[in-house]
Structures are given as C-alpha cells and as structure tokens.
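Pasted below: query08.json, JSON, C-alpha atoms and all ligand atoms.
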```
[["chain", "number", "residue", "atom", "x", "y", "z"],
["A", 257, "MET", "CA", -16.59, 46.12, -91.37],
["A", 258, "LYS", "CA", -13.84, 45.81, -88.80],
["A", 259, "PRO", "CA", -14.60, 43.11, -86.21],
["A", 260, "MET", "CA", -15.01, 44.34, -82.66],
["A", 261, "LEU", "CA", -12.29, 42.94, -80.47],
["A", 262, "HIS", "CA", -11.99, 43.09, -76.71],
["A", 263, "LEU", "CA", -8.44, 42.14, -76.00],
["A", 264, "LEU", "CA", -7.14, 41.60, -72.51],
["A", 265, "PRO", "CA", -3.41, 41.77, -71.92],
["A", 266, "VAL", "CA", -1.59, 38.45, -71.58],
["A", 267, "GLU", "CA", -1.06, 39.11, -67.84],
["A", 268, "ALA", "CA", -4.83, 38.79, -67.33],
["A", 269, "TYR", "CA", -4.37, 35.06, -67.94],
["A", 270, "THR", "CA", -0.93, 34.46, -66.50],
["A", 271, "SER", "CA", -0.17, 36.91, -63.69],
["A", 272, "GLN", "CA", -0.58, 35.77, -60.09],
["A", 273, "ALA", "CA", -0.94, 39.40, -59.00],
["A", 274, "TRP", "CA", -3.79, 39.91, -61.48],
["A", 275, "TYR", "CA", -5.49, 36.77, -60.21],
["A", 276, "GLY", "CA", -5.04, 37.99, -56.65],
["A", 277, "ARG", "CA", -6.83, 41.24, -57.52],
["A", 278, "GLU", "CA", -9.69, 39.28, -59.12],
["A", 279, "MET", "CA", -10.06, 37.16, -56.00],
["A", 280, "ARG", "CA", -10.12, 40.26, -53.83],
["A", 281, "ASP", "CA", -12.20, 42.60, -56.01],
["A", 282, "ILE", "CA", -14.56, 40.20, -57.78],
["A", 283, "PHE", "CA", -14.96, 36.84, -56.08],
["A", 284, "SER", "CA", -14.78, 38.17, -52.52],
["A", 285, "LYS", "CA", -17.51, 40.71, -53.21],
["A", 286, "THR", "CA", -20.29, 38.70, -54.72],
["A", 287, "TRP", "CA", -22.61, 35.76, -54.23],
["A", 288, "ARG", "CA", -21.25, 32.23, -54.27],
["A", 289, "TYR", "CA", -23.29, 29.07, -54.76],
["A", 290, "ALA", "CA", -22.99, 26.85, -51.68],
["A", 291, "GLY", "CA", -25.35, 23.91, -52.13],
["A", 292, "PHE", "CA", -28.93, 22.69, -52.31],
["A", 293, "MET", "CA", -31.40, 23.18, -49.49],
["A", 294, "GLU", "CA", -31.39, 19.45, -48.81],
["A", 295, "ASP", "CA", -27.65, 19.69, -48.06],
["A", 296, "VAL", "CA", -28.40, 21.65, -44.88],
["A", 297, "SER", "CA", -31.79, 20.44, -43.75],
["A", 298, "GLU", "CA", -31.35, 19.54, -40.05],
["A", 299, "PRO", "CA", -30.18, 21.52, -37.02],
["A", 300, "GLY", "CA", -26.41, 21.24, -36.72],
["A", 301, "GLN", "CA", -25.84, 20.33, -40.36],
["A", 302, "TYR", "CA", -23.31, 22.54, -42.12],
["A", 303, "ILE", "CA", -21.43, 23.07, -45.36],
["A", 304, "THR", "CA", -18.39, 25.18, -46.03],
["A", 305, "VAL", "CA", -17.57, 27.03, -49.21],
["A", 306, "GLN", "CA", -14.75, 29.21, -50.46],
["A", 307, "ALA", "CA", -16.08, 32.60, -51.57],
["A", 308, "GLY", "CA", -13.10, 34.36, -53.07],
["A", 309, "LEU", "CA", -10.66, 34.89, -50.22],
["A", 310, "ASN", "CA", -13.29, 34.03, -47.61],
["A", 311, "ASN", "CA", -14.02, 30.61, -46.23],
["A", 312, "ILE", "CA", -17.66, 30.63, -45.16],
["A", 313, "PHE", "CA", -19.91, 28.04, -43.61],
["A", 314, "VAL", "CA", -23.67, 27.72, -43.56],
["A", 315, "VAL", "CA", -25.23, 26.00, -40.57],
["A", 316, "MET", "CA", -28.81, 25.30, -39.56],
["A", 317, "GLY", "CA", -29.59, 26.50, -36.04],
["A", 318, "ARG", "CA", -31.80, 24.79, -33.47],
["A", 319, "ASP", "CA", -34.54, 27.18, -34.62],
["A", 320, "ARG", "CA", -34.09, 25.65, -38.14],
["A", 321, "ARG", "CA", -32.85, 28.95, -39.52],
["A", 322, "LEU", "CA", -29.88, 28.98, -41.86],
["A", 323, "ARG", "CA", -27.02, 31.24, -40.86],
["A", 324, "ALA", "CA", -23.69, 31.90, -42.52],
["A", 325, "PHE", "CA", -20.43, 32.76, -40.76],
["A", 326, "HIS", "CA", -16.85, 33.37, -41.69],
["A", 327, "ASN", "CA", -15.08, 30.13, -40.84],
["A", 328, "ILE", "CA", -12.57, 31.78, -38.54],
["A", 329, "CYS", "CA", -12.19, 31.42, -34.80],
["A", 330, "ARG", "CA", -12.27, 34.79, -33.00],
["A", 331, "HIS", "CA", -9.29, 33.80, -30.84],
["A", 332, "ARG", "CA", -6.41, 33.32, -33.26],
["A", 333, "GLY", "CA", -8.12, 32.85, -36.59],
["A", 334, "THR", "CA", -8.02, 29.07, -36.91],
["A", 335, "GLN", "CA", -10.39, 27.51, -39.41],
["A", 336, "LEU", "CA", -13.22, 26.15, -37.28],
["A", 337, "ILE", "CA", -14.74, 23.42, -39.43],
["A", 338, "ARG", "CA", -13.95, 21.64, -42.64],
["A", 339, "ALA", "CA", -16.02, 20.54, -45.64],
["A", 340, "VAL", "CA", -19.45, 19.23, -44.73],
["A", 341, "GLY", "CA", -20.82, 17.61, -41.61],
["A", 342, "LYS", "CA", -23.15, 17.65, -38.68],
["A", 343, "THR", "CA", -22.63, 18.70, -35.11],
["A", 344, "GLN", "CA", -24.94, 18.23, -32.15],
["A", 345, "LYS", "CA", -25.20, 21.71, -30.76],
["A", 346, "ALA", "CA", -21.85, 23.48, -30.84],
["A", 347, "LEU", "CA", -18.76, 24.21, -32.90],
["A", 348, "THR", "CA", -15.45, 23.82, -31.12],
["A", 349, "CYS", "CA", -12.24, 25.27, -32.47],
["A", 350, "PRO", "CA", -9.55, 22.57, -32.78],
["A", 351, "TYR", "CA", -6.76, 24.87, -31.51],
["A", 352, "HIS", "CA", -7.75, 25.88, -27.94],
["A", 353, "ASP", "CA", -11.32, 24.58, -27.79],
["A", 354, "TRP", "CA", -13.18, 27.87, -27.77],
["A", 355, "THR", "CA", -16.78, 26.85, -28.41],
["A", 356, "TYR", "CA", -19.56, 28.60, -30.33],
["A", 357, "ASN", "CA", -23.21, 27.65, -30.46],
["A", 358, "LEU", "CA", -25.06, 27.14, -33.74],
["A", 359, "GLU", "CA", -26.15, 30.76, -33.67],
["A", 360, "GLY", "CA", -22.51, 31.89, -33.74],
["A", 361, "ASN", "CA", -22.26, 33.03, -30.10],
["A", 362, "LEU", "CA", -19.11, 32.29, -28.13],
["A", 363, "VAL", "CA", -20.28, 30.14, -25.23],
["A", 364, "SER", "CA", -17.16, 28.65, -23.68],
["A", 365, "VAL", "CA", -13.50, 29.56, -23.22],
["A", 366, "PRO", "CA", -11.37, 26.93, -21.44],
["A", 367, "GLU", "CA", -9.41, 28.25, -18.44],
["A", 368, "GLU", "CA", -10.99, 31.62, -19.00],
["A", 369, "GLN", "CA", -10.09, 33.19, -15.64],
["A", 370, "GLU", "CA", -6.52, 31.87, -15.52],
["A", 371, "GLU", "CA", -5.66, 32.82, -19.09],
["A", 372, "PHE", "CA", -7.66, 35.98, -19.78],
["A", 373, "GLY", "CA", -9.20, 37.28, -16.58],
["A", 374, "GLN", "CA", -12.70, 37.75, -17.85],
["A", 375, "VAL", "CA", -13.74, 37.59, -21.49],
["A", 376, "ASP", "CA", -16.72, 39.57, -22.76],
["A", 377, "LYS", "CA", -18.09, 36.71, -24.83],
["A", 378, "SER", "CA", -20.91, 38.82, -26.23],
["A", 379, "CYS", "CA", -18.35, 40.73, -28.34],
["A", 380, "LEU", "CA", -16.62, 37.62, -29.65],
["A", 381, "GLY", "CA", -19.28, 35.83, -31.64],
["A", 382, "LEU", "CA", -18.46, 34.54, -35.11],
["A", 383, "LYS", "CA", -18.40, 37.13, -37.89],
["A", 384, "PRO", "CA", -21.63, 36.78, -39.86],
["A", 385, "ALA", "CA", -21.78, 36.43, -43.62],
["A", 386, "LYS", "CA", -25.01, 36.50, -45.61],
["A", 387, "VAL", "CA", -26.95, 33.42, -46.69],
["A", 388, "ASP", "CA", -29.92, 33.48, -49.01],
["A", 389, "ILE", "CA", -31.98, 31.04, -51.04],
["A", 390, "TRP", "CA", -32.72, 31.32, -54.72],
["A", 391, "LYS", "CA", -34.91, 28.63, -56.23],
["A", 392, "SER", "CA", -33.94, 26.05, -53.62],
["A", 393, "MET", "CA", -30.25, 26.79, -54.00],
["A", 394, "ILE", "CA", -28.19, 28.20, -51.14],
["A", 395, "PHE", "CA", -25.90, 31.14, -51.86],
["A", 396, "VAL", "CA", -23.54, 32.98, -49.53],
["A", 397, "HIS", "CA", -22.06, 36.45, -49.63],
["A", 398, "PRO", "CA", -19.06, 37.47, -47.49],
["A", 399, "ASP", "CA", -20.76, 40.78, -46.64],
["A", 400, "SER", "CA", -23.56, 40.29, -44.12],
["A", 401, "ASP", "CA", -25.20, 43.52, -45.35],
["A", 402, "ALA", "CA", -25.24, 42.54, -49.03],
["A", 403, "PRO", "CA", -28.53, 43.10, -50.90],
["A", 404, "SER", "CA", -30.69, 40.00, -51.31],
["A", 405, "ILE", "CA", -30.01, 37.24, -53.80],
["A", 406, "ALA", "CA", -33.36, 38.08, -55.43],
["A", 407, "GLU", "CA", -31.95, 41.49, -56.26],
["A", 408, "TRP", "CA", -28.84, 39.90, -57.76],
["A", 409, "PHE", "CA", -30.65, 37.34, -59.90],
["A", 410, "GLY", "CA", -33.80, 39.42, -60.47],
["A", 411, "PRO", "CA", -32.86, 40.53, -64.00],
["A", 412, "THR", "CA", -32.30, 36.93, -65.08],
["A", 413, "GLU", "CA", -35.78, 35.69, -64.08],
["A", 414, "PRO", "CA", -37.46, 36.37, -67.44],
["A", 415, "HIS", "CA", -34.65, 34.48, -69.18],
["A", 416, "ILE", "CA", -34.72, 31.08, -67.50],
["A", 417, "GLY", "CA", -37.47, 29.94, -69.80],
["A", 418, "PRO", "CA", -39.71, 27.09, -68.69],
["A", 419, "HIS", "CA", -37.26, 25.83, -66.07],
["A", 420, "VAL", "CA", -38.44, 25.51, -62.47],
["A", 421, "PRO", "CA", -35.25, 24.61, -60.57],
["A", 422, "GLU", "CA", -37.05, 24.47, -57.21],
["A", 423, "GLU", "CA", -39.08, 21.48, -58.44],
["A", 424, "LEU", "CA", -36.00, 19.44, -59.25],
["A", 425, "VAL", "CA", -35.08, 16.62, -56.89],
["A", 426, "GLU", "CA", -31.50, 15.60, -56.30],
["A", 427, "TYR", "CA", -31.40, 11.82, -56.69],
["A", 428, "GLU", "CA", -27.69, 11.29, -56.41],
["A", 429, "GLU", "CA", -24.81, 13.42, -55.35],
["A", 430, "LEU", "CA", -22.14, 13.31, -58.00],
["A", 431, "ASN", "CA", -18.86, 14.24, -56.46],
["A", 432, "THR", "CA", -17.27, 14.82, -59.79],
["A", 433, "SER", "CA", -14.95, 17.71, -60.23],
["A", 434, "TYR", "CA", -12.62, 18.62, -63.01],
["A", 435, "GLU", "CA", -9.38, 20.39, -62.47],
["A", 436, "ILE", "CA", -8.57, 22.49, -65.50],
["A", 437, "LYS", "CA", -5.07, 23.81, -65.81],
["A", 438, "ALA", "CA", -6.08, 27.17, -67.15],
["A", 439, "ASN", "CA", -7.01, 30.60, -65.94],
["A", 440, "TRP", "CA", -10.73, 30.74, -65.02],
["A", 441, "LYS", "CA", -11.44, 33.23, -67.83],
["A", 442, "VAL", "CA", -10.51, 30.65, -70.45],
["A", 443, "VAL", "CA", -13.32, 28.43, -69.15],
["A", 444, "VAL", "CA", -15.81, 31.32, -68.97],
["A", 445, "GLU", "CA", -14.93, 32.41, -72.49],
["A", 446, "ASN", "CA", -15.71, 28.93, -73.76],
["A", 447, "TYR", "CA", -19.15, 29.07, -72.16],
["A", 448, "ILE", "CA", -20.02, 32.35, -73.83],
["A", 449, "ASP", "CA", -18.49, 31.41, -77.19],
["A", 450, "VAL", "CA", -21.45, 30.76, -79.52],
["A", 451, "TYR", "CA", -19.15, 30.60, -82.55],
["A", 452, "HIS", "CA", -17.81, 27.11, -81.71],
["A", 453, "LEU", "CA", -21.20, 25.38, -81.26],
["A", 454, "SER", "CA", -21.73, 24.48, -84.90],
["A", 455, "HIS", "CA", -18.11, 23.38, -85.30],
["A", 456, "LEU", "CA", -16.77, 21.57, -82.24],
["A", 457, "HIS", "CA", -20.25, 20.31, -81.33],
["A", 458, "SER", "CA", -21.49, 19.62, -84.85],
["A", 459, "ASN", "CA", -22.23, 15.98, -83.92],
["A", 460, "THR", "CA", -23.64, 16.50, -80.44],
["A", 461, "LEU", "CA", -25.65, 19.74, -80.58],
["A", 462, "GLN", "CA", -26.95, 19.41, -84.13],
["A", 463, "MET", "CA", -30.54, 19.48, -82.82],
["A", 464, "TYR", "CA", -30.23, 23.22, -82.18],
["A", 465, "ASP", "CA", -30.48, 26.04, -84.67],
["A", 466, "HIS", "CA", -27.25, 27.85, -83.79],
["A", 467, "LYS", "CA", -27.87, 30.56, -86.38],
["A", 468, "ALA", "CA", -31.03, 31.59, -84.52],
["A", 469, "ALA", "CA", -29.24, 31.80, -81.17],
["A", 470, "LYS", "CA", -29.89, 34.92, -79.13],
["A", 471, "TYR", "CA", -27.59, 36.12, -76.41],
["A", 472, "HIS", "CA", -26.99, 39.23, -74.41],
["A", 473, "TRP", "CA", -25.88, 40.49, -71.03],
["A", 474, "GLU", "CA", -28.33, 41.31, -68.24],
["A", 475, "GLY", "CA", -26.04, 43.34, -66.02],
["A", 476, "PRO", "CA", -23.29, 40.89, -65.04],
["A", 477, "HIS", "CA", -25.27, 37.82, -66.20],
["A", 478, "TYR", "CA", -24.85, 36.28, -69.62],
["A", 479, "MET", "CA", -28.10, 35.06, -71.19],
["A", 480, "PHE", "CA", -28.28, 32.61, -74.07],
["A", 481, "TRP", "CA", -31.14, 30.92, -75.88],
["A", 482, "GLU", "CA", -31.38, 28.96, -79.10],
["A", 483, "PRO", "CA", -34.34, 27.04, -80.54],
["A", 484, "PRO", "CA", -34.35, 23.43, -81.69],
["A", 485, "VAL", "CA", -34.36, 22.79, -85.43],
["A", 486, "GLU", "CA", -37.85, 22.05, -86.78],
["A", 487, "ALA", "CA", -37.09, 18.40, -87.65],
["A", 488, "PHE", "CA", -35.91, 17.66, -84.10],
["A", 489, "LEU", "CA", -38.97, 19.34, -82.61],
["A", 490, "LYS", "CA", -41.33, 17.28, -84.78],
["A", 491, "ASP", "CA", -39.49, 14.07, -83.93],
["A", 492, "GLN", "CA", -39.68, 14.82, -80.21],
["A", 493, "GLU", "CA", -43.33, 15.76, -80.36],
["A", 494, "SER", "CA", -44.20, 12.51, -82.13],
["A", 495, "LYS", "CA", -42.56, 10.56, -79.28],
["A", 496, "LEU", "CA", -44.25, 12.39, -76.46],
["A", 497, "ILE", "CA", -47.07, 10.58, -74.74],
["A", 498, "ALA", "CA", -48.61, 13.76, -73.33],
["A", 499, "PRO", "CA", -48.65, 16.98, -75.37],
["A", 500, "ARG", "CA", -45.90, 19.35, -74.42],
["A", 501, "VAL", "CA", -47.09, 22.36, -72.45],
["A", 502, "ILE", "CA", -44.09, 24.50, -73.24],
["A", 503, "PRO", "CA", -45.01, 27.22, -75.75],
["A", 504, "LYS", "CA", -43.09, 26.93, -78.99],
["A", 505, "ASP", "CA", -41.11, 30.11, -78.49],
["A", 506, "MET", "CA", -40.03, 28.85, -75.04],
["A", 507, "ASN", "CA", -38.60, 25.61, -76.38],
["A", 508, "GLY", "CA", -34.88, 25.32, -76.80],
["A", 509, "ALA", "CA", -31.68, 25.58, -74.82],
["A", 510, "TRP", "CA", -31.68, 28.22, -72.10],
["A", 511, "VAL", "CA", -28.39, 29.07, -70.52],
["A", 512, "SER", "CA", -27.69, 31.64, -67.87],
["A", 513, "TYR", "CA", -24.15, 32.20, -66.74],
["A", 514, "SER", "CA", -22.90, 34.48, -64.02],
["A", 515, "PRO", "CA", -19.15, 34.65, -64.34],
["A", 516, "LYS", "CA", -18.92, 36.62, -61.13],
["A", 517, "ILE", "CA", -20.10, 33.65, -59.10],
["A", 518, "GLY", "CA", -18.55, 30.80, -61.00],
["A", 519, "HIS", "CA", -20.97, 28.07, -61.96],
["B", 1, "LIG", "S1", -7.62, 29.78, -32.30],
["B", 1, "LIG", "FE1", -9.55, 28.94, -31.87],
["B", 1, "LIG", "S2", -9.50, 28.56, -29.79],
["B", 1, "LIG", "FE2", -7.61, 29.46, -30.16]]
```
Output the file's structure as structure tokens, nothing else.
Ligand code: FES
Amino acid sequence: MKPMLHLLPVEAYTSQAWYGREMRDIFSKTWRYAGFMEDVSEPGQYITVQAGLNNIFVVMGRDRRLRAFHNICRHRGTQLIRAVGKTQKALTCPYHDWTYNLEGNLVSVPEEQEEFGQVDKSCLGLKPAKVDIWKSMIFVHPDSDAPSIAEWFGPTEPHIGPHVPEELVEYEELNTSYEIKANWKVVVENYIDVYHLSHLHSNTLQMYDHKAAKYHWEGPHYMFWEPPVEAFLKDQESKLIAPRVIPKDMNGAWVSYSPKIGH
C-alpha cells in the first residue's frame, strides 16, 4: 500500500513571509501558556508573555483578581512593562509617565491641561486580553472575548490519564531555555514522531512498549499514550512500598501536545 504523505512546501520551513502569516493567523489567535498561579499570587505582581504578535501581561489587582492586558501604552504605544515583577499600585509608562492602575484604568496624565486640554481618561484604559486558569496554569488569549480555556482544553481531559497537574508543587524555578535554530514545525514534528522512539531512544525509553502506542488528534490537540513493558511494570511494582492506585490500563506515558500554543 502506498504510504500516506503530507508534504508541506519547502517555504513552510524557510520563508519569513510564511512564518509571518503563522504568527498572525495561528499564534495571535489562540491561547498561550503564561505561567503557574504561584507566579502571580499577590496584588501588583505581574508576568508578561509574547502571544504571537501580541505582548500581553497578567497582573493581580488589589481585589486579587487576575487581569490580562495588551502591554501597550494608549498614548504612543510604548511597551509598558518588561518580563516579570511587582509594582505597588500602578503601572507607569516609561516614555511620558502616563499611569494606569492595576485594573487597567488610566489614572494620571502629566501636564494634562497644558498638553492636551482635557483627556477623557475613561476611554483610554489599557486594552484587555483574556486570562484563564486551567489546572493551576495561567493562559492568556489576545482576544478578550475568546471562549474559555476549559472549552479549548475540554476535549483533552479524558486523555491526561492519572495526572493531576493542579496538585503539583513547583519547588524550583528552572530558567533553562534552549534556542533551536530551526523552524518551529521541525520541533513539533519531532514531538509527534512515534517512529523514532524505538530507534533514537532505544536506550532511554526501552521501558515502554512503543508498538502498543496509541495516538490521535482531538481537534487541534495531539494525544499520545503508550504502556510500559510488562517486565518494567513488575520491577516497579516490586519496589513500591504502597500498592499503586493507578489502574493498569492507565499506566504508561501520557503526552498531550497543542502545537497551536507551543509547549
Ligand atoms: S507612550 Fe506612554 S506615556 Fe507616552
């Protein structure tokens, strides 16, 4: 039988214009992981994240609510804040010192009368983005009217196996990042390439039964599961002090990948 091939043209991996369209039409129109809930846990604490072409920040208000805004001053578009940090009660633009409160309202314009006459500040609040929580993880969407994150990840819920991400505790922040000189699709294709597991990883993932792997798409999400080989399971069970509560058919490697939001 002829193998099924899905070939993209070379430009999909090399063309700047193609990449620009992906940034605009894919990454600027979907959810983007921003951080853990403990990263923004006090009023005034904020984190910024690049969501496609949009720089967005999440800040906790004095009412302890999380809000997300486009990181752009309403005066002349200067980036308001950088990276991560904490402010007392306001965000001041570095260019001309327009100041916004933690709820995104414009509260102060220096030399307002002399420079502008009167400014209707109520129309010049920061542009909202959407922030939502999924299993203790913060996600942002450039569109403030986007459907909830639960709607986006809903189809993946039955496929995350025994994992309970919201019970995990972050003990140490590892600021490790890898810069890969390749188009992002090359990296994604490696993650969804089951074929290489028993070859490239023959010495490191030998505890899994690659031939029994199951994988499919749930909408835009790639789902993968493979069980451990029997010998590995027995060995692990013999070392466990308490009996494992995970049902046998739930044991194994569970991977969920959403190429549209990176990883
Ligand atoms: S650009 Fe922000 S105050 Fe002018």
message: Could you list the protein, DNA and RNA residues that have any atom within 7 Å of ligand LIG 1 (chain B), counting only C-alpha atoms and all ligand atoms, and write them as a PyMOL selection string?
response: chain A and resi 329-334+349-354
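Nearest residue to His415 (chain A) among A:Lys467, A:Lys383, A:Lys441, A:His477 is A:His477, counting all atoms listed in the file.
Distances to His466 (chain A) were evaluated for A:Val425, A:Ala509, A:Ala268, A:Ala324 using only C-alpha atoms, and the minimum falls at A:Ala509.
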Go through region 437-489 of chain A and flag each residue having an atom no more than 10 Å from region 404-411 of chain A; for those, report the closest pair of atoms plus their distance in Å to one decimal, using all atoms listed in the file, ordered by chain and rising number, as JSON lines.
```
{"residue": "A:Trp473", "atom": "CA", "partner": "A:Pro411", "partner_atom": "CA", "distance": 9.9}
{"residue": "A:Glu474", "atom": "CA", "partner": "A:Pro411", "partner_atom": "CA", "distance": 6.3}
{"residue": "A:Gly475", "atom": "CA", "partner": "A:Pro411", "partner_atom": "CA", "distance": 7.6}
{"residue": "A:Pro476", "atom": "CA", "partner": "A:Trp408", "partner_atom": "CA", "distance": 9.2}
{"residue": "A:His477", "atom": "CA", "partner": "A:Phe409", "partner_atom": "CA", "distance": 8.3}
```
- line: CA of Asn439 (chain A) sits from CA of Gln272 (chain A) at a separation of 10.1 Å
- request: May I have the protein, DNA and RNA residues with any atom at most 12 Å from the point (-30.2, 26.5, -35.6), counting all atoms listed in the file, written as a PyMOL selection string?
  value: chain A and resi 296-302+314-324+342-347+357-361
